[in-house]
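Next comes data_23.cif, with mmCIF, C-alpha atoms, pLDDT in the B column; chains and numbers go by the auth columns.
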data_final
loop_
_atom_site.group_PDB
_atom_site.id
_atom_site.type_symbol
_atom_site.label_atom_id
_atom_site.label_comp_id
_atom_site.label_asym_id
_atom_site.label_seq_id
_atom_site.Cartn_x
_atom_site.Cartn_y
_atom_site.Cartn_z
_atom_site.B_iso_or_equiv
_atom_site.auth_seq_id
_atom_site.auth_asym_id
ATOM 1 C CA MET A 1 -40.360 -211.322 -79.199 61.00 8 A
ATOM 2 C CA SER A 2 -41.426 -211.708 -82.816 78.00 9 A
ATOM 3 C CA LEU A 3 -40.775 -208.917 -85.253 84.00 10 A
ATOM 4 C CA PRO A 4 -43.700 -207.126 -86.946 92.00 11 A
ATOM 5 C CA GLY A 5 -45.124 -209.301 -89.678 93.00 12 A
ATOM 6 C CA SER A 6 -45.531 -212.499 -87.702 93.00 13 A
ATOM 7 C CA ARG A 7 -46.903 -211.537 -84.297 96.00 14 A
ATOM 8 C CA ILE A 8 -49.738 -213.316 -82.482 97.00 15 A
ATOM 9 C CA LEU A 9 -50.663 -211.186 -79.487 97.00 16 A
ATOM 10 C CA PRO A 10 -53.153 -211.886 -76.683 97.00 17 A
ATOM 11 C CA ASN A 11 -56.700 -210.566 -76.742 98.00 18 A
ATOM 12 C CA PRO A 12 -57.314 -207.246 -75.003 98.00 19 A
ATOM 13 C CA PRO A 13 -60.341 -207.142 -72.680 98.00 20 A
ATOM 14 C CA LEU A 14 -63.752 -207.145 -74.319 98.00 21 A
ATOM 15 C CA ALA A 15 -65.946 -204.070 -74.117 98.00 22 A
ATOM 16 C CA SER A 16 -68.575 -204.330 -71.408 98.00 23 A
ATOM 17 C CA ALA A 17 -72.060 -205.580 -72.189 97.00 24 A
ATOM 18 C CA GLU A 18 -73.454 -202.250 -70.962 97.00 25 A
ATOM 19 C CA VAL A 19 -71.368 -200.227 -73.431 97.00 26 A
ATOM 20 C CA LEU A 20 -72.244 -202.501 -76.349 98.00 27 A
ATOM 21 C CA GLU A 21 -75.943 -202.441 -75.492 97.00 28 A
ATOM 22 C CA ALA A 22 -75.896 -198.643 -75.379 98.00 29 A
ATOM 23 C CA PHE A 23 -74.454 -198.439 -78.893 98.00 30 A
ATOM 24 C CA THR A 24 -77.136 -200.682 -80.361 97.00 31 A
ATOM 25 C CA HIS A 25 -79.338 -197.578 -80.201 96.00 32 A
ATOM 26 C CA VAL A 26 -76.841 -195.200 -81.859 98.00 33 A
ATOM 27 C CA VAL A 27 -76.619 -194.630 -85.621 98.00 34 A
ATOM 28 C CA THR A 28 -73.205 -194.305 -87.244 98.00 35 A
ATOM 29 C CA PRO A 29 -73.748 -190.756 -88.618 97.00 36 A
ATOM 30 C CA HIS A 30 -74.208 -189.491 -85.055 97.00 37 A
ATOM 31 C CA ILE A 31 -70.904 -191.111 -84.136 98.00 38 A
ATOM 32 C CA SER A 32 -68.826 -189.997 -87.112 96.00 39 A
ATOM 33 C CA ASP A 33 -70.175 -186.425 -86.928 96.00 40 A
ATOM 34 C CA ASN A 34 -68.554 -186.252 -83.492 96.00 41 A
ATOM 35 C CA LEU A 35 -65.289 -187.843 -84.643 96.00 42 A
ATOM 36 C CA GLY A 36 -64.276 -184.989 -86.928 95.00 43 A
ATOM 37 C CA ARG A 37 -66.402 -186.300 -89.818 94.00 44 A
ATOM 38 C CA HIS A 38 -63.392 -188.166 -91.199 94.00 45 A
ATOM 39 C CA ILE A 39 -63.151 -191.222 -88.923 93.00 46 A
ATOM 40 C CA GLY A 40 -64.764 -194.265 -90.520 95.00 47 A
ATOM 41 C CA ALA A 41 -64.259 -196.987 -93.089 97.00 48 A
ATOM 42 C CA ARG A 42 -64.738 -196.157 -96.758 96.00 49 A
ATOM 43 C CA GLY A 43 -65.020 -198.422 -99.771 97.00 50 A
ATOM 44 C CA LEU A 44 -66.592 -201.383 -97.973 98.00 51 A
ATOM 45 C CA ASN A 45 -69.995 -202.860 -98.799 98.00 52 A
ATOM 46 C CA ARG A 46 -72.566 -204.078 -96.301 98.00 53 A
ATOM 47 C CA TYR A 47 -73.654 -207.596 -97.214 98.00 54 A
ATOM 48 C CA ASN A 48 -76.186 -208.262 -94.465 97.00 55 A
ATOM 49 C CA ARG A 49 -79.735 -207.101 -95.092 92.00 56 A
ATOM 50 C CA THR A 50 -80.756 -207.092 -91.452 90.00 57 A
ATOM 51 C CA GLY A 51 -79.058 -206.613 -88.117 91.00 58 A
ATOM 52 C CA LYS A 52 -76.616 -204.144 -86.622 96.00 59 A
ATOM 53 C CA LEU A 53 -72.934 -204.674 -85.899 98.00 60 A
ATOM 54 C CA VAL A 54 -71.823 -203.815 -82.362 98.00 61 A
ATOM 55 C CA GLY A 55 -68.853 -205.554 -80.796 98.00 62 A
ATOM 56 C CA THR A 56 -65.181 -205.649 -79.860 98.00 63 A
ATOM 57 C CA ALA A 57 -62.462 -205.941 -82.497 98.00 64 A
ATOM 58 C CA LEU A 58 -60.258 -208.997 -82.793 99.00 65 A
ATOM 59 C CA THR A 59 -57.890 -207.951 -85.567 98.00 66 A
ATOM 60 C CA VAL A 60 -56.026 -209.951 -88.192 98.00 67 A
ATOM 61 C CA LYS A 61 -53.564 -208.753 -90.814 98.00 68 A
ATOM 62 C CA THR A 62 -53.094 -211.146 -93.711 97.00 69 A
ATOM 63 C CA ARG A 63 -51.025 -211.449 -96.832 96.00 70 A
ATOM 64 C CA PRO A 64 -53.333 -210.659 -99.783 97.00 71 A
ATOM 65 C CA GLY A 65 -55.436 -213.705 -100.677 97.00 72 A
ATOM 66 C CA ASP A 66 -54.294 -215.761 -97.683 98.00 73 A
ATOM 67 C CA ASN A 67 -56.270 -216.746 -94.579 98.00 74 A
ATOM 68 C CA LEU A 68 -53.877 -218.889 -92.523 98.00 75 A
ATOM 69 C CA LEU A 69 -53.810 -216.362 -89.670 98.00 76 A
ATOM 70 C CA ILE A 70 -57.590 -216.071 -89.797 98.00 77 A
ATOM 71 C CA TYR A 71 -57.656 -219.766 -88.903 98.00 78 A
ATOM 72 C CA LYS A 72 -55.432 -218.989 -85.922 98.00 79 A
ATOM 73 C CA ALA A 73 -57.689 -216.101 -84.891 98.00 80 A
ATOM 74 C CA LEU A 74 -60.743 -218.389 -84.938 98.00 81 A
ATOM 75 C CA SER A 75 -59.307 -220.267 -81.971 97.00 82 A
ATOM 76 C CA MET A 76 -58.945 -216.972 -80.080 98.00 83 A
ATOM 77 C CA LEU A 77 -62.501 -215.679 -80.567 98.00 84 A
ATOM 78 C CA GLU A 78 -64.577 -214.867 -77.515 98.00 85 A
ATOM 79 C CA PRO A 79 -68.316 -214.062 -77.352 98.00 86 A
ATOM 80 C CA GLY A 80 -68.800 -210.459 -78.463 98.00 87 A
ATOM 81 C CA HIS A 81 -65.836 -210.309 -80.819 98.00 88 A
ATOM 82 C CA VAL A 82 -65.985 -208.917 -84.335 98.00 89 A
ATOM 83 C CA LEU A 83 -63.500 -210.604 -86.680 99.00 90 A
ATOM 84 C CA VAL A 84 -61.672 -207.700 -88.347 99.00 91 A
ATOM 85 C CA VAL A 85 -59.374 -208.657 -91.231 98.00 92 A
ATOM 86 C CA ASP A 86 -56.967 -206.363 -93.039 98.00 93 A
ATOM 87 C CA ALA A 87 -56.479 -208.337 -96.254 98.00 94 A
ATOM 88 C CA GLN A 88 -54.802 -205.284 -97.789 97.00 95 A
ATOM 89 C CA GLY A 89 -57.816 -204.582 -100.005 98.00 96 A
ATOM 90 C CA ASP A 90 -57.138 -207.580 -102.231 97.00 97 A
ATOM 91 C CA THR A 91 -60.193 -208.756 -104.169 98.00 98 A
ATOM 92 C CA ASN A 92 -58.695 -211.645 -106.156 98.00 99 A
ATOM 93 C CA ASN A 93 -59.266 -214.285 -103.477 98.00 100 A
ATOM 94 C CA ALA A 94 -61.921 -214.482 -100.770 98.00 101 A
ATOM 95 C CA VAL A 95 -60.421 -214.830 -97.295 98.00 102 A
ATOM 96 C CA ILE A 96 -63.621 -215.958 -95.547 98.00 103 A
ATOM 97 C CA GLY A 97 -66.789 -217.758 -96.564 98.00 104 A
ATOM 98 C CA GLU A 98 -69.665 -219.668 -95.039 98.00 105 A
ATOM 99 C CA LEU A 99 -67.587 -222.274 -93.187 98.00 106 A
ATOM 100 C CA VAL A 100 -65.460 -219.676 -91.392 98.00 107 A
ATOM 101 C CA LYS A 101 -68.607 -217.683 -90.680 98.00 108 A
ATOM 102 C CA LEU A 102 -70.428 -220.634 -89.122 98.00 109 A
ATOM 103 C CA TYR A 103 -67.520 -221.688 -86.927 98.00 110 A
ATOM 104 C CA ALA A 104 -66.829 -218.116 -85.818 98.00 111 A
ATOM 105 C CA GLN A 105 -70.474 -217.648 -84.863 98.00 112 A
ATOM 106 C CA GLN A 106 -70.338 -220.877 -82.880 98.00 113 A
ATOM 107 C CA ARG A 107 -67.584 -219.265 -80.819 98.00 114 A
ATOM 108 C CA GLY A 108 -69.622 -216.101 -80.240 98.00 115 A
ATOM 109 C CA CYS A 109 -68.424 -213.882 -83.080 98.00 116 A
ATOM 110 C CA VAL A 110 -71.049 -211.178 -83.740 98.00 117 A
ATOM 111 C CA GLY A 111 -69.871 -209.908 -87.125 98.00 118 A
ATOM 112 C CA PHE A 112 -67.198 -209.618 -89.794 98.00 119 A
ATOM 113 C CA VAL A 113 -65.222 -206.706 -91.234 98.00 120 A
ATOM 114 C CA ILE A 114 -63.023 -207.652 -94.172 98.00 121 A
ATOM 115 C CA ASP A 115 -60.833 -205.225 -96.112 98.00 122 A
ATOM 116 C CA GLY A 116 -60.729 -207.752 -98.908 98.00 123 A
ATOM 117 C CA ALA A 117 -63.128 -210.240 -100.472 98.00 124 A
ATOM 118 C CA ILE A 118 -65.620 -212.756 -99.150 98.00 125 A
ATOM 119 C CA ARG A 119 -67.531 -215.597 -100.823 98.00 126 A
ATOM 120 C CA ASP A 120 -70.743 -217.556 -100.106 98.00 127 A
ATOM 121 C CA VAL A 121 -72.320 -214.133 -99.899 98.00 128 A
ATOM 122 C CA ALA A 122 -75.895 -215.394 -99.468 97.00 129 A
ATOM 123 C CA SER A 123 -74.938 -216.889 -96.103 97.00 130 A
ATOM 124 C CA PHE A 124 -74.219 -213.401 -94.750 98.00 131 A
ATOM 125 C CA GLU A 125 -77.692 -211.976 -95.404 96.00 132 A
ATOM 126 C CA ASP A 126 -78.599 -212.079 -91.711 95.00 133 A
ATOM 127 C CA THR A 127 -75.059 -211.772 -90.325 97.00 134 A
ATOM 128 C CA PRO A 128 -73.380 -208.353 -89.944 98.00 135 A
ATOM 129 C CA CYS A 129 -70.665 -208.284 -92.586 98.00 136 A
ATOM 130 C CA TYR A 130 -68.724 -205.506 -94.293 98.00 137 A
ATOM 131 C CA ALA A 131 -66.268 -206.346 -97.055 98.00 138 A
ATOM 132 C CA ARG A 132 -64.741 -204.825 -100.151 98.00 139 A
ATOM 133 C CA SER A 133 -66.145 -207.322 -102.654 98.00 140 A
ATOM 134 C CA VAL A 134 -67.319 -210.849 -103.414 98.00 141 A
ATOM 135 C CA VAL A 135 -65.390 -213.409 -105.458 98.00 142 A
ATOM 136 C CA HIS A 136 -65.735 -217.175 -105.880 98.00 143 A
ATOM 137 C CA CYS A 137 -61.963 -217.873 -105.759 98.00 144 A
ATOM 138 C CA GLY A 138 -60.851 -219.221 -102.389 97.00 145 A
ATOM 139 C CA PRO A 139 -57.812 -218.308 -100.274 98.00 146 A
ATOM 140 C CA TYR A 140 -54.319 -219.694 -99.895 97.00 147 A
ATOM 141 C CA LYS A 141 -53.150 -220.907 -96.496 97.00 148 A
ATOM 142 C CA THR A 142 -49.440 -220.300 -96.268 97.00 149 A
ATOM 143 C CA GLY A 143 -49.170 -217.011 -94.343 95.00 150 A
ATOM 144 C CA PRO A 144 -47.627 -214.870 -93.118 95.00 151 A
ATOM 145 C CA GLY A 145 -49.855 -212.661 -91.028 97.00 152 A
ATOM 146 C CA GLU A 146 -50.549 -211.255 -87.572 98.00 153 A
ATOM 147 C CA VAL A 147 -53.259 -211.360 -84.911 98.00 154 A
ATOM 148 C CA ASN A 148 -54.249 -208.539 -82.531 98.00 155 A
ATOM 149 C CA VAL A 149 -52.208 -205.780 -84.136 98.00 156 A
ATOM 150 C CA PRO A 150 -53.397 -202.379 -85.403 98.00 157 A
ATOM 151 C CA VAL A 151 -54.956 -202.718 -88.858 98.00 158 A
ATOM 152 C CA SER A 152 -56.156 -200.394 -91.600 98.00 159 A
ATOM 153 C CA ILE A 153 -59.723 -201.002 -92.767 98.00 160 A
ATOM 154 C CA GLY A 154 -60.968 -198.794 -95.564 97.00 161 A
ATOM 155 C CA GLY A 155 -58.619 -196.030 -94.435 96.00 162 A
ATOM 156 C CA MET A 156 -59.684 -196.336 -90.774 98.00 163 A
ATOM 157 C CA LEU A 157 -57.270 -197.484 -88.086 98.00 164 A
ATOM 158 C CA ILE A 158 -58.685 -200.208 -85.868 98.00 165 A
ATOM 159 C CA ASN A 159 -56.824 -201.379 -82.798 98.00 166 A
ATOM 160 C CA PRO A 160 -57.508 -204.717 -81.128 98.00 167 A
ATOM 161 C CA GLY A 161 -60.139 -204.166 -78.458 98.00 168 A
ATOM 162 C CA ASP A 162 -61.747 -201.176 -80.179 98.00 169 A
ATOM 163 C CA VAL A 163 -65.513 -200.819 -80.206 98.00 170 A
ATOM 164 C CA LEU A 164 -67.080 -201.281 -83.647 98.00 171 A
ATOM 165 C CA VAL A 165 -70.485 -199.969 -84.696 98.00 172 A
ATOM 166 C CA GLY A 166 -71.900 -200.694 -88.148 98.00 173 A
ATOM 167 C CA ASP A 167 -75.285 -200.090 -89.734 97.00 174 A
ATOM 168 C CA GLU A 168 -76.764 -199.371 -93.172 96.00 175 A
ATOM 169 C CA ASP A 169 -74.794 -196.103 -93.372 97.00 176 A
ATOM 170 C CA GLY A 170 -71.364 -197.588 -92.713 97.00 177 A
ATOM 171 C CA LEU A 171 -68.812 -198.577 -90.112 98.00 178 A
ATOM 172 C CA VAL A 172 -66.952 -196.686 -87.372 98.00 179 A
ATOM 173 C CA ALA A 173 -64.483 -197.723 -84.678 98.00 180 A
ATOM 174 C CA PHE A 174 -63.135 -196.046 -81.544 98.00 181 A
ATOM 175 C CA SER A 175 -61.320 -197.009 -78.366 98.00 182 A
ATOM 176 C CA GLN A 176 -63.106 -198.334 -75.315 98.00 183 A
ATOM 177 C CA ALA A 177 -61.653 -195.402 -73.375 98.00 184 A
ATOM 178 C CA ASP A 178 -63.438 -192.963 -75.692 98.00 185 A
ATOM 179 C CA ALA A 179 -66.734 -194.863 -75.694 98.00 186 A
ATOM 180 C CA PRO A 180 -68.474 -192.957 -72.853 98.00 187 A
ATOM 181 C CA GLU A 181 -67.773 -189.563 -74.447 98.00 188 A
ATOM 182 C CA VAL A 182 -68.731 -190.820 -77.908 98.00 189 A
ATOM 183 C CA LEU A 183 -72.001 -192.061 -76.451 97.00 190 A
ATOM 184 C CA ARG A 184 -72.675 -188.748 -74.692 97.00 191 A
ATOM 185 C CA LYS A 185 -71.962 -186.672 -77.804 97.00 192 A
ATOM 186 C CA ALA A 186 -74.039 -188.959 -80.000 97.00 193 A
ATOM 187 C CA ALA A 187 -77.000 -188.603 -77.619 97.00 194 A
ATOM 188 C CA GLN A 188 -76.712 -184.809 -77.817 97.00 195 A
ATOM 189 C CA HIS A 189 -76.594 -185.044 -81.602 96.00 196 A
ATOM 190 C CA ALA A 190 -79.702 -187.215 -81.695 96.00 197 A
ATOM 191 C CA ALA A 191 -81.576 -184.783 -79.441 96.00 198 A
ATOM 192 C CA HIS A 192 -80.612 -181.865 -81.693 96.00 199 A
ATOM 193 C CA GLU A 193 -81.853 -183.689 -84.774 96.00 200 A
ATOM 194 C CA GLU A 194 -85.195 -184.339 -83.081 96.00 201 A
ATOM 195 C CA GLU A 195 -85.490 -180.577 -82.485 96.00 202 A
ATOM 196 C CA VAL A 196 -84.736 -179.927 -86.159 97.00 203 A
ATOM 197 C CA LYS A 197 -87.336 -182.475 -87.253 97.00 204 A
ATOM 198 C CA ALA A 198 -89.917 -180.755 -85.050 97.00 205 A
ATOM 199 C CA GLU A 199 -89.072 -177.403 -86.643 96.00 206 A
ATOM 200 C CA ILE A 200 -89.368 -178.863 -90.147 97.00 207 A
ATOM 201 C CA SER A 201 -92.761 -180.341 -89.278 97.00 208 A
ATOM 202 C CA SER A 202 -93.970 -176.873 -88.232 96.00 209 A
ATOM 203 C CA GLY A 203 -94.058 -175.883 -91.892 96.00 210 A
ATOM 204 C CA ALA A 204 -92.158 -172.639 -91.294 94.00 211 A
ATOM 205 C CA VAL A 205 -90.351 -171.346 -94.396 92.00 212 A
ATOM 206 C CA HIS A 206 -87.497 -169.877 -92.362 92.00 213 A
ATOM 207 C CA GLN A 207 -85.738 -172.522 -90.318 95.00 214 A
ATOM 208 C CA SER A 208 -83.225 -171.658 -87.604 95.00 215 A
ATOM 209 C CA TRP A 209 -80.934 -174.569 -88.445 95.00 216 A
ATOM 210 C CA ILE A 210 -80.660 -173.399 -92.058 95.00 217 A
ATOM 211 C CA ASP A 211 -80.410 -169.704 -91.190 94.00 218 A
ATOM 212 C CA LYS A 212 -77.552 -170.388 -88.764 94.00 219 A
ATOM 213 C CA VAL A 213 -75.431 -172.043 -91.450 95.00 220 A
ATOM 214 C CA LEU A 214 -76.147 -169.316 -93.997 95.00 221 A
ATOM 215 C CA GLN A 215 -75.360 -166.556 -91.489 94.00 222 A
ATOM 216 C CA GLN A 216 -72.017 -168.142 -90.618 93.00 223 A
ATOM 217 C CA ALA A 217 -71.176 -168.262 -94.336 95.00 224 A
ATOM 218 C CA GLY A 218 -72.283 -164.663 -94.917 94.00 225 A
ATOM 219 C CA LEU A 219 -75.169 -165.773 -97.127 94.00 226 A
ATOM 220 C CA ALA A 220 -78.138 -164.768 -94.965 84.00 227 A
ATOM 221 C CA GLY A 221 -80.882 -162.491 -96.268 71.00 228 A
#

Would you mind giving the structure from this file in structure tokens?
Amino acid sequence: MSLPGSRILPNPPLASAEVLEAFTHVVTPHISDNLGRHIGARGLNRYNRTGKLVGTALTVKTRPGDNLLIYKALSMLEPGHVLVVDAQGDTNNAVIGELVKLYAQQRGCVGFVIDGAIRDVASFEDTPCYARSVVHCGPYKTGPGEVNVPVSIGGMLINPGDVLVGDEDGLVAFSQADAPEVLRKAAQHAAHEEEVKAEISSGAVHQSWIDKVLQQAGLAG
């Protein structure tokens, strides 16, 4: 068995189509609010102007500025995968661009999450993509790296096979095992917010959702 640093591990099972379809209707704030309000990627930018990211993580860990193991991961992509790359936050060299994007999409990749830099940014306008920055300088291809290992993306741990949901507010990830409970809690959260919106629309000066918070903090009255 290879030591950490040079492992290429098999793909875990993909999340079911039913689970992924359910999360297309869930916004990321409703997810993260039920994950302790601290689970989620920070410091990444969303480069697509349309579309939502929902899929299963295929993870890659690369040496900064190098995409050799991304090339290996391309051959392992299955329909529904999100290509998740821990490039260690390096922004000196882009690790993916339009050519990688096009080939990955041909293999069924539904989006890209890069803790590092991308280039050919205009080509991602209609393709879900989160990255740390854009730079014209291309990558090296000498390795080392790993495929399908736990990675850190903007301070968030992503394991291979995790469910990823990304929208205009950001990006969250969680295990397939937790997906049903995350979905249930998010639905409750959405229902509560609809009740709050209805109360706001009533025009009442005193609102129960505000009063509750103030009472708990000893600031009511």

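Closest approach to Ile46 in chain A among A:Gln183, A:Ser82, A:Ser159, A:Gln195: A:Ser159, based on all atoms listed in the file.
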
Checklist entry - Selected by the PyMOL selection byres ((chain A and resi 107) around 12) in the shown coordinates: which residues, as a ChimeraX atom specification? => result /A:74-75,77-82,84,90,101-106,108-114,116,118-119,125-127,130-131,145-146

Checklist entry - Between A:His196, A:Cys136, A:Gly72, A:Glu175, which is the closest to Asp40 in chain A once you count all atoms listed in the file? => result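 Closest to Asp40 in chain A of all the choices is A:His196.
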
Checklist entry - With distances taken over all atoms listed in the file, which of A:Ile217, A:Val158, A:Ile38, A:Val120 is nearest to Leu190 in chain A? => result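 Of the candidates, the smallest distance to Leu190 in chain A is held by A:Ile38.
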
Checklist entry - How far is it from CA of Pro19 in chain A to CA of Thr69 in chain A, in Å with one decimal? => result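 Separation between CA of Pro19 in chain A and CA of Thr69 in chain A: 19.6 Å.
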
Checklist entry - Which of these, A:Gly123, A:Gly12, A:Pro71, A:Pro157, has the shortest distance to Gly50 in chain A once you count all atoms listed in the file? => result A:Gly123

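Separating CA of Val141 in chain A from CA of Val154 in chain A is a distance of 23.2 Å.
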
Next on the checklist: Is it possible to get the residues within 8 Å of (-50.1, -211.3, -87.9) (coordinates as in the file, counting all atoms listed in the file) written as an MDAnalysis selection string?
Outcome noted: chainID A and resid 11:15 67:69 76 151:156

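When the PyMOL selection byres ((chain A and resi 182) around 6) is evaluated on the file shown here, the picked residues come out as Asp169, Val170, Phe181, Gln183, Ala184 and Asp185 of chain A.
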
Item to check | Explicit residue set for the PyMOL selection byres ((chain A and resi 117) around 8), as a ChimeraX atom specification | outcome: /A:60-62,86-89,112,115-116,118-119,134-135

Next on the checklist: Using Å and a single decimal, report how far CA of Gln95 in chain A sits from CA of Thr66 in chain A.
Outcome noted: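 Between CA of Thr66 in chain A and CA of Gln95 in chain A the gap works out to 12.9 Å.
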
Work out where the centre of an axis-aligned box around every listed atom of range 105-121 of chain A lies and how long its edges are once 5 Å is added on each side; give both in Å to one decimal as lines of an AutoDock Vina configuration file.
center_x = -67.0
center_y = -214.5
center_z = -87.6
size_x = 18.0
size_y = 25.6
size_z = 24.8

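Those DNA, RNA and protein residues that approach the point (-58.9, -193.5, -85.0) to within 9 Å, considering only C-alpha atoms, are Leu42, Ile46, Gly47, Met163, Leu164, Ile165, Asn166, Val179, Ala180, Phe181 and Ser182 of chain A.
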
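In this comparison, which uses all atoms listed in the file, the residue of A:Val172, A:Leu221, A:Ala186, A:Val203 approaching Thr35 in chain A most closely is A:Val172.
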